[in-house]
Amino acid sequence: MCASPASPRYEGEWRNDYKHGQGEEFYSDGGRYTGGWVDGKKSGEGTFRWLDGSEYKGTFHDDLFHGQGKQRWADGRAYEGQWEANQMHGSGRFKWPDGRTYQGQYVQGL
């Protein structure tokens, strides 16, 4: 475990002074990441949870949502599909709380 006033608290595996393998990081704003790390960055399968109950579960690369993933927002919106650099990008399905859905292609979040 590693913690300091300026950094999040981390519990997990290390390699050459970098977070590497499986671990969990806790942020001062109540957020939490659980999953894979490669050379100090979130990579592979993982879950990020925000204090408000929102959650992303899927693939990370270089600390970003990247690949296949699902995000649920606290207000009931949900997206499942492809991500690139933290944006919905590629094939996906978005659902609003009132039941409306859109399934199709996204380009840089739109």
# chains A, B, ... in the order shown; residues from 1 in each chain; ligands from 1
>>> residues_around(residues="segment 22-36 of chain A", least_positions_apart="4", cutoff="6 Å", atoms="only C-alpha atoms", output="list in words")
Pro8, Arg9, Tyr10, Glu11, Gly12, Glu13, Lys42, Ser43, Gly44, Glu45, Gly46, Thr47, Phe48, Arg49, Trp50 and Leu51 of chain A
>>> residues_around(residues="segment 60-70 of chain A", least_positions_apart="5", cutoff="6 Å", atoms="only C-alpha atoms", output="PDB file with C-alpha atoms, in the first residue's frame")
ATOM      1  CA  LYS A  41      -1.166   3.020 -15.716  1.00  0.00           C
ATOM      2  CA  LYS A  42      -4.633   1.495 -15.677  1.00  0.00           C
ATOM      3  CA  SER A  43      -4.571  -1.212 -18.364  1.00  0.00           C
ATOM      4  CA  GLY A  44      -6.586  -4.310 -19.178  1.00  0.00           C
ATOM      5  CA  TYR A  79     -23.811   2.977 -22.726  1.00  0.00           C
ATOM      6  CA  GLU A  80     -22.340  -0.327 -23.831  1.00  0.00           C
ATOM      7  CA  GLY A  81     -19.904  -0.578 -26.693  1.00  0.00           C
ATOM      8  CA  GLN A  82     -16.544   0.564 -27.964  1.00  0.00           C
ATOM      9  CA  TRP A  83     -14.440   3.292 -26.358  1.00  0.00           C
ATOM     10  CA  GLU A  84     -11.371   5.145 -27.546  1.00  0.00           C
ATOM     11  CA  ALA A  85      -9.416   7.570 -25.349  1.00  0.00           C
ATOM     12  CA  ASN A  86     -12.290   7.994 -22.833  1.00  0.00           C
TER      13      ASN A  86
END
>>> select_by_dssp(residues="segment 9-106 of chain A", states="strand (DSSP E)", output="ChimeraX atom specification")
/A:9-15,18-26,32-38,41-49,55-61,64-72,78-84,87-95,101-106
>>> atom_distance(atom1="atom CA of Tyr18 of chain A", atom2="atom CA of Tyr56 of chain A")
23.4 Å
>>> decode(residues="segment 59-100 of chain A", atoms="C-alpha atoms", output="PDB file, in the first residue's frame")
ATOM      1  CA  THR A  59     -11.054  -2.280 -20.879  1.00  0.00           C
ATOM      2  CA  PHE A  60      -8.489   0.409 -20.058  1.00  0.00           C
ATOM      3  CA  HIS A  61      -5.322   1.400 -21.913  1.00  0.00           C
ATOM      4  CA  ASP A  62      -2.823   4.028 -20.698  1.00  0.00           C
ATOM      5  CA  ASP A  63      -5.220   5.207 -17.933  1.00  0.00           C
ATOM      6  CA  LEU A  64      -8.129   5.694 -20.391  1.00  0.00           C
ATOM      7  CA  PHE A  65     -11.358   3.855 -21.240  1.00  0.00           C
ATOM      8  CA  HIS A  66     -10.291   2.063 -24.405  1.00  0.00           C
ATOM      9  CA  GLY A  67     -11.826  -0.999 -26.047  1.00  0.00           C
ATOM     10  CA  GLN A  68     -15.063  -2.687 -25.002  1.00  0.00           C
ATOM     11  CA  GLY A  69     -16.859  -1.281 -21.956  1.00  0.00           C
ATOM     12  CA  LYS A  70     -20.088  -0.405 -20.180  1.00  0.00           C
ATOM     13  CA  GLN A  71     -20.821   2.848 -18.386  1.00  0.00           C
ATOM     14  CA  ARG A  72     -23.798   3.515 -16.136  1.00  0.00           C
ATOM     15  CA  TRP A  73     -24.433   7.040 -14.897  1.00  0.00           C
ATOM     16  CA  ALA A  74     -26.142   7.807 -11.592  1.00  0.00           C
ATOM     17  CA  ASP A  75     -29.081   9.409 -13.451  1.00  0.00           C
ATOM     18  CA  GLY A  76     -29.930   6.115 -15.185  1.00  0.00           C
ATOM     19  CA  ARG A  77     -28.246   6.604 -18.562  1.00  0.00           C
ATOM     20  CA  ALA A  78     -26.176   3.685 -19.839  1.00  0.00           C
ATOM     21  CA  TYR A  79     -23.811   2.977 -22.726  1.00  0.00           C
ATOM     22  CA  GLU A  80     -22.340  -0.327 -23.831  1.00  0.00           C
ATOM     23  CA  GLY A  81     -19.904  -0.578 -26.693  1.00  0.00           C
ATOM     24  CA  GLN A  82     -16.544   0.564 -27.964  1.00  0.00           C
ATOM     25  CA  TRP A  83     -14.440   3.292 -26.358  1.00  0.00           C
ATOM     26  CA  GLU A  84     -11.371   5.145 -27.546  1.00  0.00           C
ATOM     27  CA  ALA A  85      -9.416   7.570 -25.349  1.00  0.00           C
ATOM     28  CA  ASN A  86     -12.290   7.994 -22.833  1.00  0.00           C
ATOM     29  CA  GLN A  87     -14.880   8.639 -25.566  1.00  0.00           C
ATOM     30  CA  MET A  88     -17.640   6.485 -27.021  1.00  0.00           C
ATOM     31  CA  HIS A  89     -16.139   5.537 -30.377  1.00  0.00           C
ATOM     32  CA  GLY A  90     -17.222   2.731 -32.683  1.00  0.00           C
ATOM     33  CA  SER A  91     -20.235   0.473 -32.356  1.00  0.00           C
ATOM     34  CA  GLY A  92     -22.380   0.985 -29.271  1.00  0.00           C
ATOM     35  CA  ARG A  93     -25.786   1.214 -27.661  1.00  0.00           C
ATOM     36  CA  PHE A  94     -26.935   4.152 -25.518  1.00  0.00           C
ATOM     37  CA  LYS A  95     -30.009   3.938 -23.309  1.00  0.00           C
ATOM     38  CA  TRP A  96     -31.794   6.839 -21.611  1.00  0.00           C
ATOM     39  CA  PRO A  97     -33.740   6.508 -18.321  1.00  0.00           C
ATOM     40  CA  ASP A  98     -37.075   6.873 -20.168  1.00  0.00           C
ATOM     41  CA  GLY A  99     -36.332   3.724 -22.192  1.00  0.00           C
ATOM     42  CA  ARG A 100     -35.270   5.344 -25.467  1.00  0.00           C
TER      43      ARG A 100
END
